[in-house]
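Below is one structure, written out as structure tokens; the observations come after it.
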Amino acid sequence: DCGFELWGTEGTAKFLNGYDLSCKPLGKVRDGSPHCVDAIREGRFTLVINTVSDEVAIKESLSIRRAVLEKKIPYATVVSAARAMLQGIQVEQKGDLEALPLESRV
């Protein structure tokens with residue numbers, strides 16, 4: 001709905017496509033180039049969501065986390081944070097976003 005083109009590793013792409021979200025597959029680093037970190041370093045993404053399920057996935061995602069930090073790309077590691085980011089983008093796209101100092105909310 002925000003106008004993003006979705007890319008995901010094979011399992012993620014399959015999952016999202018199963019929910020009628022068009023998602024293009026991209027290899028993991030362990031699969032060899034071209035892979036997701038190559039794409040991040042090439043500047044192909046403006047937002048990265050990288051959730052992990054176990055210790056192996058956490059270790060494998062280190063290069064992803066490093067690449068997004070180096071490229072200064074917004075990044076979420078949990079679905080709730082990704083959802084909040086996307087909700088903010090939707091509001092901003094409508095032109096309704098107004099930044100207020102925290103003190104004004106008290």
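By convention here, the chains of the structure tokens are called A, B, ... in the order presented, each chain's residues are numbered starting at 1, and ligands are numbered starting at 1 in the order presented.
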
List every residue of chain A that DSSP, applied to the backbone of this structure, assigns to helix (DSSP H, G or I), and report them as a PyMOL selection string. chain A and resi 10-17+29-31+36-41+55-60+62-71+79-94+102-105

Which segment 69-98 of chain A residues have any atom within 12 Å of an atom of segment 3-22 of chain A, and for each, what is the nearest pair of atoms with distance in Å to one decimal, counting only C-alpha atoms, rows sorted by chain and number, as a Markdown table?
| residue | atom | partner | partner_atom | distance |
| --- | --- | --- | --- | --- |
| A:Leu86 | CA | A:Phe4 | CA | 10.3 |
| A:Ile89 | CA | A:Gly3 | CA | 10.2 |
| A:Gln90 | CA | A:Gly3 | CA | 9.7 |
| A:Gln93 | CA | A:Gly3 | CA | 10.0 |

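Minimum atom-to-atom distance to Val48 of chain A, evaluated using only C-alpha atoms, belongs to A:Arg65 out of A:Gly27, A:Ala99, A:Gln87, A:Arg65.
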
Contacts of Thr51 of chain A within 12 Å, only C-alpha atoms, excl. fewer than 6 positions in-chain, as a count of residues only: 18

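The spacing separating atom CA of Ala67 of chain A from atom CA of Asp38 of chain A amounts to 8.8 Å.
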
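Distance check against Cys2 of chain A using only C-alpha atoms: of A:Gly32, A:Pro101, A:Gly43, A:Gly88, the minimum falls on A:Gly88.
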
Give me the residues near Thr46 of chain A as a ChimeraX atom specification, where near means some atom within 10 Å (using only C-alpha atoms) and where sequence neighbours in that chain fewer than 5 positions away do not count. /A:4,40,68,71-75

Residue subset to file, keeping N, CA, C and O atoms, as an mmCIF file, in the first residue's frame:
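Output (again_25.cif):
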data_model
loop_
_atom_site.group_PDB
_atom_site.id
_atom_site.type_symbol
_atom_site.label_atom_id
_atom_site.label_comp_id
_atom_site.auth_asym_id
_atom_site.auth_seq_id
_atom_site.Cartn_x
_atom_site.Cartn_y
_atom_site.Cartn_z
ATOM 1 N N PHE A 4 6.016 0.364 -2.063
ATOM 2 C CA PHE A 4 7.318 -0.288 -2.058
ATOM 3 C C PHE A 4 7.310 -1.511 -2.960
ATOM 4 O O PHE A 4 6.303 -2.199 -3.086
ATOM 5 N N ILE A 40 21.922 -4.497 -0.774
ATOM 6 C CA ILE A 40 21.941 -3.402 0.210
ATOM 7 C C ILE A 40 23.105 -2.471 -0.097
ATOM 8 O O ILE A 40 22.938 -1.248 -0.161
ATOM 9 N N VAL A 68 23.280 -2.338 6.442
ATOM 10 C CA VAL A 68 22.271 -1.271 6.550
ATOM 11 C C VAL A 68 22.783 -0.117 7.399
ATOM 12 O O VAL A 68 22.481 1.046 7.118
ATOM 13 N N LYS A 71 25.146 1.914 5.194
ATOM 14 C CA LYS A 71 24.418 2.674 4.172
ATOM 15 C C LYS A 71 23.389 3.635 4.768
ATOM 16 O O LYS A 71 22.714 4.349 4.044
ATOM 17 N N LYS A 72 23.233 3.600 6.099
ATOM 18 C CA LYS A 72 22.267 4.457 6.811
ATOM 19 C C LYS A 72 20.842 4.250 6.305
ATOM 20 O O LYS A 72 20.093 5.189 6.050
ATOM 21 N N ILE A 73 20.471 2.985 6.203
ATOM 22 C CA ILE A 73 19.133 2.600 5.746
ATOM 23 C C ILE A 73 18.279 2.278 6.965
ATOM 24 O O ILE A 73 18.718 1.529 7.841
ATOM 25 N N PRO A 74 17.063 2.816 7.050
ATOM 26 C CA PRO A 74 16.173 2.447 8.160
ATOM 27 C C PRO A 74 15.987 0.927 8.193
ATOM 28 O O PRO A 74 15.840 0.282 7.156
ATOM 29 N N TYR A 75 15.947 0.391 9.420
ATOM 30 C CA TYR A 75 16.027 -1.051 9.600
ATOM 31 C C TYR A 75 15.209 -1.485 10.812
ATOM 32 O O TYR A 75 15.249 -0.835 11.842
#

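Taking chain A and asking which residues DSSP calls strand (DSSP E) on the backbone, you get Leu6, Trp7, Gly8, Cys23, Lys24, Pro25, Val48, Ile49, Tyr75 and Ala76 of chain A.
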
Residue among A:Lys24, A:Asp54, A:Leu102, A:Leu69 lying closest to Val37 of chain A, counting only C-alpha atoms: A:Leu69

The distance between atom CA of Arg83 of chain A and atom CA of Glu42 of chain A is 25.1 Å

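With atom CA of Cys36 of chain A on one side and atom CA of Glu92 of chain A on the other, the separation reads 27.5 Å.
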